[in-house]
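A.B. asks: My structure is stored as upload07.txt, with compact mmCIF, N, CA and C atoms.
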# COMPACT_ATOMS: atom_id res chain seq x y z
N MET A 550 -8.90 -35.79 7.25
CA MET A 550 -8.37 -34.97 8.33
C MET A 550 -9.46 -34.84 9.41
N GLU A 551 -9.04 -35.05 10.62
CA GLU A 551 -9.97 -34.95 11.74
C GLU A 551 -9.66 -33.70 12.56
N LYS A 552 -10.67 -32.84 12.71
CA LYS A 552 -10.49 -31.60 13.45
C LYS A 552 -10.25 -31.86 14.93
N GLU A 553 -9.41 -30.99 15.51
CA GLU A 553 -9.27 -30.93 16.96
C GLU A 553 -10.60 -30.41 17.51
N PRO A 554 -10.89 -30.62 18.79
CA PRO A 554 -12.10 -30.02 19.36
C PRO A 554 -12.13 -28.51 19.12
N SER A 555 -13.29 -27.98 18.79
CA SER A 555 -13.45 -26.56 18.45
C SER A 555 -13.62 -25.73 19.72
N LEU A 556 -12.49 -25.49 20.40
CA LEU A 556 -12.49 -24.72 21.64
C LEU A 556 -11.58 -23.51 21.49
N ASN A 557 -11.99 -22.39 22.09
CA ASN A 557 -11.18 -21.18 22.01
C ASN A 557 -10.17 -21.13 23.16
N VAL A 558 -9.35 -20.10 23.18
CA VAL A 558 -8.27 -19.99 24.16
C VAL A 558 -8.78 -19.87 25.60
N ASN A 559 -10.05 -19.55 25.77
CA ASN A 559 -10.65 -19.45 27.10
C ASN A 559 -11.35 -20.75 27.50
N GLY A 560 -11.31 -21.77 26.61
CA GLY A 560 -11.94 -23.05 26.91
C GLY A 560 -13.39 -23.15 26.50
N GLY A 561 -13.94 -22.09 25.91
CA GLY A 561 -15.33 -22.10 25.46
C GLY A 561 -15.44 -22.52 24.01
N PRO A 562 -16.67 -22.52 23.49
CA PRO A 562 -16.88 -22.88 22.08
C PRO A 562 -16.16 -21.89 21.16
N LEU A 563 -15.56 -22.41 20.10
CA LEU A 563 -14.85 -21.57 19.13
C LEU A 563 -15.87 -20.83 18.27
N ARG A 564 -15.81 -19.50 18.32
CA ARG A 564 -16.70 -18.66 17.52
C ARG A 564 -16.12 -18.55 16.10
N PRO A 565 -16.97 -18.41 15.09
CA PRO A 565 -16.45 -18.20 13.73
C PRO A 565 -15.58 -16.95 13.66
N CYS A 566 -14.59 -16.98 12.77
CA CYS A 566 -13.70 -15.85 12.57
C CYS A 566 -14.19 -14.99 11.40
N SER A 567 -14.34 -15.58 10.22
CA SER A 567 -14.80 -14.81 9.05
C SER A 567 -15.28 -15.73 7.94
N THR A 568 -16.41 -15.36 7.37
CA THR A 568 -16.88 -16.04 6.16
C THR A 568 -16.76 -15.14 4.94
N ASP A 569 -16.41 -13.86 5.17
CA ASP A 569 -16.23 -12.92 4.06
C ASP A 569 -15.11 -11.95 4.42
N PRO A 570 -13.87 -12.27 4.07
CA PRO A 570 -13.44 -13.40 3.24
C PRO A 570 -13.47 -14.71 4.03
N LEU A 571 -13.67 -15.79 3.31
CA LEU A 571 -13.72 -17.11 3.92
C LEU A 571 -12.33 -17.52 4.38
N THR A 572 -12.21 -17.87 5.65
CA THR A 572 -10.92 -18.19 6.23
C THR A 572 -10.94 -19.56 6.89
N GLY A 573 -9.81 -19.94 7.42
CA GLY A 573 -9.66 -21.18 8.17
C GLY A 573 -8.93 -22.25 7.38
N PHE A 574 -8.19 -23.08 8.09
CA PHE A 574 -7.47 -24.18 7.47
C PHE A 574 -8.44 -25.08 6.70
N PHE A 575 -9.64 -25.27 7.25
CA PHE A 575 -10.65 -26.10 6.60
C PHE A 575 -11.57 -25.28 5.70
N ARG A 576 -11.32 -23.98 5.57
CA ARG A 576 -12.16 -23.04 4.82
C ARG A 576 -13.61 -23.18 5.27
N ASP A 577 -13.78 -23.15 6.60
CA ASP A 577 -15.11 -23.24 7.20
C ASP A 577 -15.48 -21.98 7.97
N GLY A 578 -14.64 -20.93 7.85
CA GLY A 578 -14.91 -19.68 8.53
C GLY A 578 -14.40 -19.61 9.95
N SER A 579 -13.86 -20.71 10.45
CA SER A 579 -13.35 -20.77 11.82
C SER A 579 -11.88 -21.18 11.83
N CYS A 580 -11.22 -20.88 12.95
CA CYS A 580 -9.79 -21.22 13.07
C CYS A 580 -9.61 -22.63 13.62
N ASN A 581 -10.39 -23.57 13.08
CA ASN A 581 -10.24 -24.98 13.44
C ASN A 581 -8.89 -25.48 12.94
N THR A 582 -8.40 -26.54 13.56
CA THR A 582 -7.10 -27.07 13.19
C THR A 582 -7.08 -28.59 13.36
N CYS A 583 -6.01 -29.19 12.91
CA CYS A 583 -5.78 -30.62 13.05
C CYS A 583 -4.27 -30.84 12.98
N TRP A 584 -3.83 -32.06 13.16
CA TRP A 584 -2.39 -32.30 13.19
C TRP A 584 -1.74 -32.01 11.84
N GLN A 585 -2.51 -32.05 10.74
CA GLN A 585 -1.95 -31.76 9.42
C GLN A 585 -1.74 -30.26 9.18
N ASP A 586 -2.31 -29.44 10.02
CA ASP A 586 -2.19 -27.98 9.90
C ASP A 586 -0.83 -27.55 10.44
N GLN A 587 0.20 -27.75 9.66
CA GLN A 587 1.56 -27.46 10.12
C GLN A 587 1.80 -25.98 10.40
N GLY A 588 1.01 -25.11 9.79
CA GLY A 588 1.15 -23.67 10.04
C GLY A 588 0.39 -23.19 11.26
N SER A 589 -0.41 -24.06 11.86
CA SER A 589 -1.23 -23.71 13.02
C SER A 589 -2.01 -22.42 12.75
N HIS A 590 -2.95 -22.48 11.80
CA HIS A 590 -3.78 -21.34 11.42
C HIS A 590 -4.87 -21.15 12.47
N THR A 591 -4.48 -20.71 13.65
CA THR A 591 -5.35 -20.75 14.81
C THR A 591 -5.68 -19.40 15.44
N VAL A 592 -5.06 -18.33 14.98
CA VAL A 592 -5.27 -17.01 15.58
C VAL A 592 -6.21 -16.19 14.71
N CYS A 593 -7.37 -15.82 15.26
CA CYS A 593 -8.32 -14.97 14.52
C CYS A 593 -7.86 -13.53 14.68
N ALA A 594 -7.18 -13.02 13.68
CA ALA A 594 -6.57 -11.69 13.71
C ALA A 594 -7.38 -10.70 12.88
N VAL A 595 -7.42 -9.47 13.36
CA VAL A 595 -8.07 -8.37 12.65
C VAL A 595 -6.97 -7.62 11.89
N MET A 596 -7.02 -7.69 10.59
CA MET A 596 -5.96 -7.12 9.76
C MET A 596 -5.85 -5.61 9.92
N THR A 597 -4.61 -5.14 9.90
CA THR A 597 -4.30 -3.70 9.88
C THR A 597 -3.39 -3.45 8.69
N ALA A 598 -3.33 -2.21 8.25
CA ALA A 598 -2.43 -1.86 7.15
C ALA A 598 -0.99 -2.17 7.54
N GLU A 599 -0.64 -1.86 8.79
CA GLU A 599 0.73 -2.11 9.25
C GLU A 599 1.06 -3.60 9.22
N PHE A 600 0.15 -4.44 9.72
CA PHE A 600 0.43 -5.87 9.72
C PHE A 600 0.49 -6.42 8.30
N LEU A 601 -0.41 -5.99 7.42
CA LEU A 601 -0.41 -6.48 6.04
C LEU A 601 0.90 -6.11 5.34
N ALA A 602 1.41 -4.91 5.59
CA ALA A 602 2.70 -4.50 5.02
C ALA A 602 3.83 -5.36 5.58
N PHE A 603 3.81 -5.61 6.88
CA PHE A 603 4.81 -6.47 7.51
C PHE A 603 4.77 -7.88 6.92
N SER A 604 3.58 -8.42 6.80
CA SER A 604 3.42 -9.78 6.28
C SER A 604 3.96 -9.88 4.85
N LYS A 605 3.66 -8.86 4.05
CA LYS A 605 4.17 -8.84 2.67
C LYS A 605 5.70 -8.77 2.67
N TYR A 606 6.26 -7.95 3.55
CA TYR A 606 7.71 -7.77 3.64
C TYR A 606 8.42 -9.08 4.00
N VAL A 607 7.80 -9.88 4.87
CA VAL A 607 8.44 -11.14 5.28
C VAL A 607 8.07 -12.31 4.38
N GLY A 608 7.41 -12.03 3.26
CA GLY A 608 7.18 -13.06 2.25
C GLY A 608 5.86 -13.79 2.31
N ASN A 609 4.90 -13.27 3.07
CA ASN A 609 3.58 -13.89 3.13
C ASN A 609 2.54 -12.84 2.76
N ASP A 610 2.44 -12.55 1.48
CA ASP A 610 1.58 -11.47 0.98
C ASP A 610 0.11 -11.86 1.12
N LEU A 611 -0.56 -11.22 2.06
CA LEU A 611 -1.99 -11.47 2.28
C LEU A 611 -2.87 -10.40 1.64
N SER A 612 -2.28 -9.37 1.09
CA SER A 612 -3.06 -8.26 0.55
C SER A 612 -3.30 -8.33 -0.96
N THR A 613 -2.48 -9.05 -1.67
CA THR A 613 -2.63 -9.14 -3.12
C THR A 613 -3.62 -10.24 -3.49
N PRO A 614 -4.65 -9.91 -4.28
CA PRO A 614 -5.60 -10.94 -4.69
C PRO A 614 -4.92 -12.05 -5.49
N ARG A 615 -5.34 -13.27 -5.25
CA ARG A 615 -4.89 -14.44 -6.03
C ARG A 615 -6.17 -15.12 -6.51
N LEU A 616 -6.76 -14.54 -7.55
CA LEU A 616 -8.06 -14.99 -8.02
C LEU A 616 -8.06 -16.43 -8.50
N GLU A 617 -6.90 -16.91 -8.96
CA GLU A 617 -6.82 -18.30 -9.41
C GLU A 617 -7.04 -19.28 -8.25
N PHE A 618 -6.89 -18.80 -7.02
CA PHE A 618 -7.13 -19.62 -5.83
C PHE A 618 -8.39 -19.18 -5.10
N GLY A 619 -9.14 -18.26 -5.69
CA GLY A 619 -10.34 -17.75 -5.04
C GLY A 619 -10.04 -16.85 -3.85
N PHE A 620 -8.83 -16.26 -3.83
CA PHE A 620 -8.41 -15.42 -2.71
C PHE A 620 -8.51 -13.95 -3.12
N PRO A 621 -9.39 -13.18 -2.46
CA PRO A 621 -9.61 -11.79 -2.87
C PRO A 621 -8.54 -10.81 -2.39
N GLY A 622 -7.64 -11.25 -1.52
CA GLY A 622 -6.68 -10.33 -0.89
C GLY A 622 -7.34 -9.69 0.31
N LEU A 623 -6.58 -9.51 1.36
CA LEU A 623 -7.14 -8.96 2.59
C LEU A 623 -6.95 -7.46 2.67
N MET A 624 -7.85 -6.82 3.39
CA MET A 624 -7.82 -5.38 3.59
C MET A 624 -7.88 -5.11 5.09
N PRO A 625 -7.44 -3.94 5.53
CA PRO A 625 -7.58 -3.60 6.94
C PRO A 625 -9.03 -3.78 7.40
N GLY A 626 -9.17 -4.38 8.57
CA GLY A 626 -10.50 -4.65 9.11
C GLY A 626 -10.98 -6.07 8.88
N ASP A 627 -10.43 -6.74 7.85
CA ASP A 627 -10.80 -8.13 7.60
C ASP A 627 -10.27 -9.00 8.74
N LYS A 628 -11.02 -10.05 9.06
CA LYS A 628 -10.53 -11.04 10.02
C LYS A 628 -9.99 -12.23 9.24
N TRP A 629 -8.96 -12.87 9.79
CA TRP A 629 -8.28 -13.97 9.09
C TRP A 629 -7.67 -14.92 10.11
N CYS A 630 -7.75 -16.22 9.84
CA CYS A 630 -7.10 -17.22 10.68
C CYS A 630 -5.61 -17.23 10.34
N LEU A 631 -4.86 -16.60 11.17
CA LEU A 631 -3.44 -16.37 10.95
C LEU A 631 -2.61 -17.47 11.59
N CYS A 632 -1.49 -17.78 10.98
CA CYS A 632 -0.54 -18.74 11.56
C CYS A 632 -0.05 -18.19 12.90
N ALA A 633 -0.06 -19.04 13.90
CA ALA A 633 0.35 -18.62 15.24
C ALA A 633 1.79 -18.11 15.25
N SER A 634 2.67 -18.77 14.51
CA SER A 634 4.07 -18.33 14.49
C SER A 634 4.23 -16.98 13.81
N ARG A 635 3.41 -16.69 12.79
CA ARG A 635 3.46 -15.38 12.13
C ARG A 635 2.98 -14.30 13.08
N PHE A 636 1.92 -14.60 13.85
CA PHE A 636 1.45 -13.64 14.84
C PHE A 636 2.55 -13.35 15.86
N LEU A 637 3.19 -14.39 16.36
CA LEU A 637 4.24 -14.22 17.35
C LEU A 637 5.41 -13.41 16.78
N GLN A 638 5.74 -13.65 15.51
CA GLN A 638 6.78 -12.89 14.85
C GLN A 638 6.39 -11.41 14.78
N ALA A 639 5.14 -11.13 14.43
CA ALA A 639 4.67 -9.75 14.36
C ALA A 639 4.69 -9.12 15.76
N HIS A 640 4.33 -9.88 16.77
CA HIS A 640 4.41 -9.38 18.15
C HIS A 640 5.84 -8.98 18.48
N ASP A 641 6.78 -9.85 18.16
CA ASP A 641 8.19 -9.57 18.44
C ASP A 641 8.69 -8.33 17.70
N GLU A 642 8.10 -8.04 16.54
CA GLU A 642 8.50 -6.88 15.72
C GLU A 642 7.68 -5.63 16.04
N GLY A 643 6.70 -5.76 16.95
CA GLY A 643 5.92 -4.61 17.36
C GLY A 643 4.79 -4.22 16.44
N CYS A 644 4.31 -5.16 15.61
CA CYS A 644 3.23 -4.81 14.68
C CYS A 644 2.13 -5.87 14.63
N ALA A 645 1.93 -6.57 15.74
CA ALA A 645 0.89 -7.60 15.77
C ALA A 645 -0.50 -6.96 15.70
N PRO A 646 -1.42 -7.60 15.00
CA PRO A 646 -2.79 -7.09 14.93
C PRO A 646 -3.60 -7.50 16.17
N GLN A 647 -4.76 -6.92 16.32
CA GLN A 647 -5.67 -7.34 17.38
C GLN A 647 -6.18 -8.74 17.07
N VAL A 648 -6.64 -9.44 18.11
CA VAL A 648 -7.18 -10.79 17.94
C VAL A 648 -8.54 -10.89 18.60
N ASP A 649 -9.35 -11.77 18.05
CA ASP A 649 -10.65 -12.12 18.63
C ASP A 649 -10.41 -13.40 19.42
N LEU A 650 -10.33 -13.27 20.74
CA LEU A 650 -10.00 -14.42 21.59
C LEU A 650 -11.04 -15.52 21.54
N GLU A 651 -12.31 -15.15 21.38
CA GLU A 651 -13.38 -16.15 21.32
C GLU A 651 -13.32 -16.95 20.02
N ALA A 652 -12.65 -16.42 19.01
CA ALA A 652 -12.52 -17.10 17.71
C ALA A 652 -11.11 -17.63 17.48
N THR A 653 -10.23 -17.51 18.49
CA THR A 653 -8.87 -18.03 18.39
C THR A 653 -8.81 -19.40 19.04
N HIS A 654 -8.36 -20.39 18.28
CA HIS A 654 -8.35 -21.78 18.74
C HIS A 654 -7.36 -21.98 19.88
N GLN A 655 -7.73 -22.84 20.82
CA GLN A 655 -6.88 -23.10 21.98
C GLN A 655 -5.51 -23.64 21.61
N ARG A 656 -5.37 -24.25 20.44
CA ARG A 656 -4.06 -24.77 20.02
C ARG A 656 -3.07 -23.65 19.74
N ALA A 657 -3.55 -22.42 19.59
CA ALA A 657 -2.63 -21.28 19.45
C ALA A 657 -1.76 -21.17 20.69
N LEU A 658 -2.26 -21.65 21.82
CA LEU A 658 -1.52 -21.58 23.08
C LEU A 658 -0.30 -22.50 23.09
N ASP A 659 -0.22 -23.42 22.13
CA ASP A 659 0.98 -24.25 22.00
C ASP A 659 2.18 -23.40 21.56
N ILE A 660 1.89 -22.24 20.96
CA ILE A 660 2.93 -21.39 20.39
C ILE A 660 3.00 -20.01 21.06
N ILE A 661 1.83 -19.48 21.42
CA ILE A 661 1.74 -18.11 21.96
C ILE A 661 1.18 -18.16 23.38
N PRO A 662 1.86 -17.55 24.34
CA PRO A 662 1.30 -17.49 25.70
C PRO A 662 -0.02 -16.70 25.72
N LEU A 663 -0.96 -17.14 26.53
CA LEU A 663 -2.24 -16.47 26.63
C LEU A 663 -2.07 -14.99 27.00
N GLU A 664 -1.11 -14.68 27.85
CA GLU A 664 -0.89 -13.30 28.27
C GLU A 664 -0.55 -12.40 27.07
N VAL A 665 0.15 -12.95 26.10
CA VAL A 665 0.49 -12.19 24.89
C VAL A 665 -0.78 -11.97 24.07
N LEU A 666 -1.56 -13.01 23.86
CA LEU A 666 -2.81 -12.87 23.10
C LEU A 666 -3.75 -11.88 23.76
N GLU A 667 -3.86 -11.92 25.07
CA GLU A 667 -4.77 -11.02 25.79
C GLU A 667 -4.37 -9.56 25.60
N THR A 668 -3.10 -9.30 25.38
CA THR A 668 -2.63 -7.94 25.14
C THR A 668 -3.26 -7.34 23.89
N TYR A 669 -3.60 -8.21 22.94
CA TYR A 669 -4.11 -7.76 21.64
C TYR A 669 -5.61 -8.02 21.49
N SER A 670 -6.30 -8.29 22.57
CA SER A 670 -7.72 -8.62 22.51
C SER A 670 -8.53 -7.49 21.86
N ALA A 671 -9.33 -7.86 20.88
CA ALA A 671 -10.17 -6.89 20.16
C ALA A 671 -11.44 -6.57 20.93
N ALA A 672 -11.71 -7.30 22.00
CA ALA A 672 -12.96 -7.10 22.76
C ALA A 672 -12.93 -5.89 23.64
Go ahead and express the file in the form of structure tokens.
C.D. replies:
Amino acid sequence: MEKEPSLNVNGGPLRPCSTDPLTGFFRDGSCNTCWQDQGSHTVCAVMTAEFLAFSKYVGNDLSTPRLEFGFPGLMPGDKWCLCASRFLQAHDEGCAPQVDLEATHQRALDIIPLEVLETYSAA
């Protein structure tokens, strides 16, 4: 798998999202992506209790540990490379988390308008 260029939504270098817990499609701590990343794990989101409950409700439980996969489960405050479509769904439902724009990959813009992402900027 060959990574897309590591650029954020502002066109600058992609900053790491999280190494604890370790995130990213490539499990490199960044929201890097490639054409095989069908979920577009490109949005560096700051988890909230509300978003984690929403995600669990829609069938993508990010809060329950899955130790067999080395996944500790996410808690409010954790950063995670979230699927762009899941973020957009949460936006539409009024419970989208904040995002770190410098750590959000520019390919997120294929799915989410920049104006929407800027609304949730954690900076």
A.B. asks: Just the residues within 8 Å of A:Trp629, please, counting all atoms listed in the file, with nothing from its chain fewer than 4 positions along; format it as a list in words.
C.D. replies: Cys566, Ser567, Pro570, Leu571, Thr572, Gly573, Ser579, Cys580, His590, Thr591, Val592, Cys593, Ala594, Val595 and Met596 of chain A
A.B. asks: Could you build a table of the residues in stretch 632-659 of chain A lying no more than 8 Å from stretch 600-623 of chain A, giving for each the nearest pair of atoms and their separation in Å rounded to one decimal place, using only C-alpha atoms, ordered by chain and ascending residue number, as CSV?
C.D. replies:
residue,atom,partner,partner_atom,distance
A:Ala639,CA,A:Phe600,CA,7.4
A:Cys644,CA,A:Phe600,CA,5.8
A:Ala645,CA,A:Phe600,CA,6.3
A:Pro646,CA,A:Phe600,CA,6.2
A.B. asks: Using Å and a single decimal, report how far atom N of A:Gln655 sits from atom CA of A:Leu556.
C.D. replies: 5.2 Å
A.B. asks: So the first atom is atom CA of A:His640 and the second is atom CA of A:Lys552; what is the distance between them in Å, to one decimal place?
C.D. replies: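 If I compute the distance from atom CA of A:His640 to atom CA of A:Lys552, I get 27.2 Å.
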A.B. asks: Given 4 Å on each side, where is the centre and what are the edge lengths in Å to one decimal of the axis-aligned box enclosing the listed atoms of stretch 628-632 of chain A, as JSON?
C.D. replies:
{"center_x": -5.5, "center_y": -14.4, "center_z": 11.0, "size_x": 19.0, "size_y": 16.7, "size_z": 11.8}
A.B. asks: Could you please determine the separation between atom N of A:Ala598 and atom N of A:Pro625 in Å, to one decimal place?
C.D. replies: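 If I compute the distance from atom N of A:Ala598 to atom N of A:Pro625, I get 5.2 Å.
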A.B. asks: Could you tell me which of A:Pro662, A:Gly626, A:Gly588, A:Gly578 comes closest to A:Arg564 if we count all atoms listed in the file?
C.D. replies: A:Gly578
A.B. asks: Taking (-8.7, -20.5, 25.2) in the file's own coordinates, collect the residues within 7 Å, counting only N, CA and C atoms, and hand them back as a list of chain:residue names.
C.D. replies: A:Leu556, A:Asn557, A:Val558, A:Asn559, A:Gly560, A:Gly561, A:Leu650, A:Thr653, A:His654, A:Gln655, A:Arg656
A.B. asks: Take the selection from the previous step and output its residues with N, CA and C atoms, as a PDB file, in the coordinates of the input.
C.D. replies:
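Written output follows (result_8.pdb):
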ATOM      1  N   LEU A 556     -12.490 -25.490  20.400  1.00  0.00           N
ATOM      2  CA  LEU A 556     -12.490 -24.720  21.640  1.00  0.00           C
ATOM      3  C   LEU A 556     -11.580 -23.510  21.490  1.00  0.00           C
ATOM      4  N   ASN A 557     -11.990 -22.390  22.090  1.00  0.00           N
ATOM      5  CA  ASN A 557     -11.180 -21.180  22.010  1.00  0.00           C
ATOM      6  C   ASN A 557     -10.170 -21.130  23.160  1.00  0.00           C
ATOM      7  N   VAL A 558      -9.350 -20.100  23.180  1.00  0.00           N
ATOM      8  CA  VAL A 558      -8.270 -19.990  24.160  1.00  0.00           C
ATOM      9  C   VAL A 558      -8.780 -19.870  25.600  1.00  0.00           C
ATOM     10  N   ASN A 559     -10.050 -19.550  25.770  1.00  0.00           N
ATOM     11  CA  ASN A 559     -10.650 -19.450  27.100  1.00  0.00           C
ATOM     12  C   ASN A 559     -11.350 -20.750  27.500  1.00  0.00           C
ATOM     13  N   GLY A 560     -11.310 -21.770  26.610  1.00  0.00           N
ATOM     14  CA  GLY A 560     -11.940 -23.050  26.910  1.00  0.00           C
ATOM     15  C   GLY A 560     -13.390 -23.150  26.500  1.00  0.00           C
ATOM     16  N   GLY A 561     -13.940 -22.090  25.910  1.00  0.00           N
ATOM     17  CA  GLY A 561     -15.330 -22.100  25.460  1.00  0.00           C
ATOM     18  C   GLY A 561     -15.440 -22.520  24.010  1.00  0.00           C
ATOM     19  N   LEU A 650     -10.330 -13.270  20.740  1.00  0.00           N
ATOM     20  CA  LEU A 650     -10.000 -14.420  21.590  1.00  0.00           C
ATOM     21  C   LEU A 650     -11.040 -15.520  21.540  1.00  0.00           C
ATOM     22  N   THR A 653     -10.230 -17.510  18.490  1.00  0.00           N
ATOM     23  CA  THR A 653      -8.870 -18.030  18.390  1.00  0.00           C
ATOM     24  C   THR A 653      -8.810 -19.400  19.040  1.00  0.00           C
ATOM     25  N   HIS A 654      -8.360 -20.390  18.280  1.00  0.00           N
ATOM     26  CA  HIS A 654      -8.350 -21.780  18.740  1.00  0.00           C
ATOM     27  C   HIS A 654      -7.360 -21.980  19.880  1.00  0.00           C
ATOM     28  N   GLN A 655      -7.730 -22.840  20.820  1.00  0.00           N
ATOM     29  CA  GLN A 655      -6.880 -23.100  21.980  1.00  0.00           C
ATOM     30  C   GLN A 655      -5.510 -23.640  21.610  1.00  0.00           C
ATOM     31  N   ARG A 656      -5.370 -24.250  20.440  1.00  0.00           N
ATOM     32  CA  ARG A 656      -4.060 -24.770  20.020  1.00  0.00           C
ATOM     33  C   ARG A 656      -3.070 -23.650  19.740  1.00  0.00           C
TER      34      ARG A 656
END
A.B. asks: So, counting all atoms listed in the file, which residue among A:Ile661, A:Thr582, A:Met550, A:Asp569 is closest to A:Phe636?
C.D. replies: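 Once distances to A:Phe636 are computed over all atoms listed in the file, the minimum belongs to A:Ile661.
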